Amino acid sequence: MLFDPVQLGDSSLRNRIVMAPMSQHAAGEDGEPTDWHVEHYVARARGGCGTILLEDTAVEPAGRTSHAALGLYEEAQIPAFRRVVDACRGHGVAVGLQLAHAGRKAFRDARGDHRPLSASAIAFADGWPAPIAADEDAIARVCESFARATRLAGEAGFDIVEVHAAHGYLLHQLLSPLTNRRGDSYGGPLEHRARLLLEVVEAVRAQWPAGNPLLVRLPAGDGAAEGATPAEGSTSVKGSTSAEMATVARWCMQRGADLIDVAGGTPVLDGARAGSSEMLAFAGLLRAGGAAPFALGGVTDGRSAEELLRASGATLVTVGRPLLADPGWALTAAAELNFEMPPLRRVRSIK
């Protein structure tokens, strides 16, 4: 099962193993990938993964998590990303890019002094600056930035794009009632808190050809205690549940997403994390709904990956830290499962 080929949109994936996007903070001040990124991702492509997802890449300068985080918001950045894509594809993998905006988790970018942007003026943690609560002009700009970055990703040759709405990034900050205390049409009930994400998915889909896979990374709930208290007040509020996120997943699919990438640890307040039970509950709801192919992570080796596929009904398995420790994790898993890895072949490039 783990090494079965998969058809996702017009992309033929040689197996079900996806290198999860993991922040490396190895970019230059210009946000461009470096020689280090080429070596890092090519090693995993050569190591047998079916798909490589490049780490969170900011759609505007103020959305980077650090001065060494990737960003794609200018034409001049395209050649550096194309180097990574071409080098990886030469080893037979599909290559995707995770598009993100850090919101209140962003550092001040070297190109200008930017206060962080978020759903509400709630600081990320003690000692962090309080963000600006985005007005509707800023929200529209963010949506346009995702659309522009998608177009640039297409010009760089990526096969897949993923919209990052988990891990406490800006779109998650809008989704979560723990960080979204707005009273306008972007706050309050779930359909309002999900509004920006859905607008982004529509905008990205409009820039991304119909056959090219579009993924959305969603949290398996907020991973916060039900009585979690926001920093600026004493009123107890509940975080998002896996059932709510399953509803959001359905809305995303209706607007053009091809697959939901289920995220686990997604702290938005006090460092609480969603665990494997929340992820499996979310996956179960997606499977029961029947309309949302999904990817699921949390595996350690080949056998645990196949067990997860059988138990959850996932389409893909995302592999994170094990691939950082062993670039040839997929080859190791193949040996463990007595699977003879076929010669690596170039996948068809999606243009």
# chains A, B, ... in the order shown; residues from 1 in each chain; ligands from 1

call {"tool": "residues_around", "arguments": {"residues": "Glu55 in chain A", "least_positions_apart": "2", "cutoff": "9 Å", "atoms": "only C-alpha atoms", "output": "short mmCIF file (atom, residue, chain, number, x, y, z; two decimals) with all heavy atoms, in the first residue's frame"}}
result
data_model
loop_
_atom_site.label_atom_id
_atom_site.label_comp_id
_atom_site.auth_asym_id
_atom_site.auth_seq_id
_atom_site.Cartn_x
_atom_site.Cartn_y
_atom_site.Cartn_z
N ALA A 20 6.88 15.98 4.53
CA ALA A 20 6.10 17.08 5.10
C ALA A 20 6.90 18.37 5.04
O ALA A 20 8.13 18.37 5.17
CB ALA A 20 5.74 16.75 6.55
N PRO A 21 6.22 19.50 4.85
CA PRO A 21 6.93 20.79 4.88
C PRO A 21 7.41 21.09 6.29
O PRO A 21 6.61 21.10 7.24
CB PRO A 21 5.87 21.79 4.41
CG PRO A 21 4.56 21.13 4.69
CD PRO A 21 4.79 19.66 4.59
N MET A 22 8.71 21.31 6.43
CA MET A 22 9.31 21.58 7.74
C MET A 22 10.24 22.77 7.64
O MET A 22 11.18 22.79 6.83
CB MET A 22 10.08 20.35 8.23
CG MET A 22 9.21 19.16 8.54
SD MET A 22 10.16 17.66 8.90
CE MET A 22 10.63 17.16 7.22
N SER A 23 10.00 23.78 8.46
CA SER A 23 10.77 25.02 8.41
C SER A 23 12.24 24.75 8.66
O SER A 23 12.61 24.11 9.64
CB SER A 23 10.25 26.01 9.46
OG SER A 23 8.87 26.26 9.27
N GLN A 24 13.09 25.27 7.78
CA GLN A 24 14.53 25.06 7.90
C GLN A 24 15.29 26.35 8.24
O GLN A 24 16.41 26.29 8.72
CB GLN A 24 15.08 24.48 6.59
CG GLN A 24 14.48 23.14 6.23
CD GLN A 24 14.72 22.09 7.30
OE1 GLN A 24 15.85 21.85 7.68
NE2 GLN A 24 13.64 21.49 7.79
N LEU A 53 7.24 18.35 -0.35
CA LEU A 53 6.59 19.65 -0.12
C LEU A 53 7.61 20.58 0.53
O LEU A 53 8.06 20.34 1.66
CB LEU A 53 5.37 19.49 0.80
CG LEU A 53 4.12 18.87 0.21
CD1 LEU A 53 3.00 18.86 1.25
CD2 LEU A 53 3.66 19.61 -1.04
N THR A 57 6.36 28.93 2.93
CA THR A 57 6.93 30.01 2.14
C THR A 57 5.98 31.18 2.17
O THR A 57 4.82 31.07 1.75
CB THR A 57 7.17 29.52 0.69
OG1 THR A 57 8.11 28.43 0.70
CG2 THR A 57 7.70 30.65 -0.18
N ALA A 69 13.60 32.83 6.65
CA ALA A 69 12.49 32.02 6.14
C ALA A 69 12.31 32.26 4.65
O ALA A 69 12.62 33.33 4.13
CB ALA A 69 11.21 32.35 6.89
N LEU A 70 11.78 31.26 3.97
CA LEU A 70 11.50 31.40 2.55
C LEU A 70 10.34 32.36 2.29
O LEU A 70 9.44 32.49 3.12
CB LEU A 70 11.16 30.04 1.94
CG LEU A 70 12.28 29.01 1.82
CD1 LEU A 70 11.73 27.72 1.21
CD2 LEU A 70 13.44 29.53 0.98
N LEU A 97 4.81 23.25 -3.07
CA LEU A 97 5.22 24.40 -2.27
C LEU A 97 4.09 24.75 -1.31
O LEU A 97 2.93 24.88 -1.72
CB LEU A 97 5.49 25.61 -3.17
CG LEU A 97 5.98 26.89 -2.47
CD1 LEU A 97 7.39 26.67 -1.88
CD2 LEU A 97 6.01 28.07 -3.45
N GLN A 98 4.42 24.89 -0.03
CA GLN A 98 3.45 25.31 0.97
C GLN A 98 3.45 26.83 1.07
O GLN A 98 4.48 27.43 1.39
CB GLN A 98 3.76 24.70 2.33
CG GLN A 98 2.70 25.00 3.38
CD GLN A 98 3.08 24.49 4.76
OE1 GLN A 98 3.98 25.05 5.40
NE2 GLN A 98 2.39 23.46 5.22
N LEU A 99 2.31 27.44 0.79
CA LEU A 99 2.17 28.89 0.84
C LEU A 99 1.59 29.29 2.19
O LEU A 99 0.61 28.70 2.65
CB LEU A 99 1.25 29.37 -0.29
CG LEU A 99 1.72 29.03 -1.70
CD1 LEU A 99 0.67 29.48 -2.72
CD2 LEU A 99 3.07 29.66 -2.01
#

call {"tool": "atom_distance", "arguments": {"atom1": "CA of Leu323 in chain A", "atom2": "CA of Leu259 in chain A"}}
result
21.9 Å

call {"tool": "closest_residue", "arguments": {"among": "A:Ala325, A:Val59, A:Ala194, A:Val161", "to": "Phe146 in chain A", "atoms": "only C-alpha atoms"}}
result
A:Val59

call {"tool": "select_by_dssp", "arguments": {"residues": "range 245-335 of chain A", "states": "strand (DSSP E or B)", "output": "ChimeraX atom specification"}}
result
/A:259-263,294-296,316-319

call {"tool": "write_last_selection", "arguments": {"atoms": "N, CA and C atoms", "output": "PDB file, in the first residue's frame"}}
result
ATOM      1  N   LEU A 259      -7.171  17.866  -1.810  1.00  0.00           N
ATOM      2  CA  LEU A 259      -6.809  16.990  -0.703  1.00  0.00           C
ATOM      3  C   LEU A 259      -6.599  17.829   0.547  1.00  0.00           C
ATOM      4  N   ILE A 260      -6.977  17.284   1.698  1.00  0.00           N
ATOM      5  CA  ILE A 260      -6.775  17.937   2.982  1.00  0.00           C
ATOM      6  C   ILE A 260      -5.580  17.303   3.670  1.00  0.00           C
ATOM      7  N   ASP A 261      -4.609  18.114   4.029  1.00  0.00           N
ATOM      8  CA  ASP A 261      -3.416  17.671   4.739  1.00  0.00           C
ATOM      9  C   ASP A 261      -3.656  17.899   6.233  1.00  0.00           C
ATOM     10  N   VAL A 262      -3.878  16.820   6.968  1.00  0.00           N
ATOM     11  CA  VAL A 262      -4.243  16.909   8.383  1.00  0.00           C
ATOM     12  C   VAL A 262      -3.004  17.204   9.220  1.00  0.00           C
ATOM     13  N   ALA A 263      -3.067  18.273  10.006  1.00  0.00           N
ATOM     14  CA  ALA A 263      -1.949  18.674  10.856  1.00  0.00           C
ATOM     15  C   ALA A 263      -2.239  18.301  12.302  1.00  0.00           C
ATOM     16  N   PHE A 294      -7.432  12.700   1.980  1.00  0.00           N
ATOM     17  CA  PHE A 294      -6.616  13.374   2.989  1.00  0.00           C
ATOM     18  C   PHE A 294      -5.267  12.702   3.156  1.00  0.00           C
ATOM     19  N   ALA A 295      -4.335  13.482   3.695  1.00  0.00           N
ATOM     20  CA  ALA A 295      -3.006  12.996   4.062  1.00  0.00           C
ATOM     21  C   ALA A 295      -2.892  13.047   5.571  1.00  0.00           C
ATOM     22  N   LEU A 296      -2.163  12.081   6.131  1.00  0.00           N
ATOM     23  CA  LEU A 296      -2.056  11.955   7.575  1.00  0.00           C
ATOM     24  C   LEU A 296      -0.617  11.609   7.929  1.00  0.00           C
ATOM     25  N   LEU A 316      -2.487   9.673   1.349  1.00  0.00           N
ATOM     26  CA  LEU A 316      -1.043   9.891   1.427  1.00  0.00           C
ATOM     27  C   LEU A 316      -0.602   9.863   2.880  1.00  0.00           C
ATOM     28  N   VAL A 317       0.679   9.585   3.087  1.00  0.00           N
ATOM     29  CA  VAL A 317       1.281   9.628   4.412  1.00  0.00           C
ATOM     30  C   VAL A 317       2.362  10.706   4.404  1.00  0.00           C
ATOM     31  N   THR A 318       2.264  11.666   5.316  1.00  0.00           N
ATOM     32  CA  THR A 318       3.295  12.689   5.432  1.00  0.00           C
ATOM     33  C   THR A 318       4.326  12.250   6.467  1.00  0.00           C
ATOM     34  N   VAL A 319       5.589  12.434   6.121  1.00  0.00           N
ATOM     35  CA  VAL A 319       6.694  12.025   6.988  1.00  0.00           C
ATOM     36  C   VAL A 319       7.534  13.255   7.289  1.00  0.00           C
TER      37      VAL A 319
END

call {"tool": "closest_residue", "arguments": {"among": "A:Gly289, A:Gly239, A:Gly302, A:Gly103", "to": "Trp329 in chain A", "atoms": "only C-alpha atoms"}}
result
A:Gly302

call {"tool": "residues_around", "arguments": {"residues": "Leu286 in chain A", "least_positions_apart": "6", "cutoff": "9 Å", "atoms": "only C-alpha atoms", "output": "NGL selection string"}}
result
:A and (246-247 or 249-250 or 260 or 292-294)

call {"tool": "write_last_selection", "arguments": {"atoms": "N, CA, C and O atoms", "output": "short mmCIF file (atom, residue, chain, number, x, y, z; two decimals), in the first residue's frame"}}
result
data_model
loop_
_atom_site.label_atom_id
_atom_site.label_comp_id
_atom_site.auth_asym_id
_atom_site.auth_seq_id
_atom_site.Cartn_x
_atom_site.Cartn_y
_atom_site.Cartn_z
N ALA A 246 -13.66 19.45 10.09
CA ALA A 246 -14.18 18.60 9.02
C ALA A 246 -15.17 19.37 8.15
O ALA A 246 -15.21 19.20 6.93
N THR A 247 -15.95 20.22 8.77
CA THR A 247 -16.87 21.08 8.02
C THR A 247 -16.09 22.05 7.14
O THR A 247 -16.41 22.25 5.96
N ALA A 249 -13.11 21.59 6.01
CA ALA A 249 -12.51 20.79 4.94
C ALA A 249 -13.48 20.60 3.79
O ALA A 249 -13.12 20.72 2.62
N ARG A 250 -14.73 20.31 4.11
CA ARG A 250 -15.74 20.13 3.06
C ARG A 250 -15.92 21.43 2.27
O ARG A 250 -16.02 21.40 1.03
N ILE A 260 -6.98 17.28 1.70
CA ILE A 260 -6.78 17.94 2.98
C ILE A 260 -5.58 17.30 3.67
O ILE A 260 -5.53 16.08 3.87
N ALA A 292 -13.54 13.90 0.84
CA ALA A 292 -12.30 14.63 1.04
C ALA A 292 -11.12 13.69 1.17
O ALA A 292 -10.87 13.14 2.25
N PRO A 293 -10.39 13.42 0.09
CA PRO A 293 -9.13 12.70 0.23
C PRO A 293 -8.23 13.44 1.22
O PRO A 293 -8.25 14.67 1.28
N PHE A 294 -7.43 12.70 1.98
CA PHE A 294 -6.62 13.37 2.99
C PHE A 294 -5.27 12.70 3.16
O PHE A 294 -5.07 11.54 2.80
#

call {"tool": "select_by_dssp", "arguments": {"residues": "range 235-330 of chain A", "states": "alpha helix (DSSP H)", "output": "PyMOL selection string"}}
result
chain A and resi 242-254+276-289+302-312+321-325+329-330
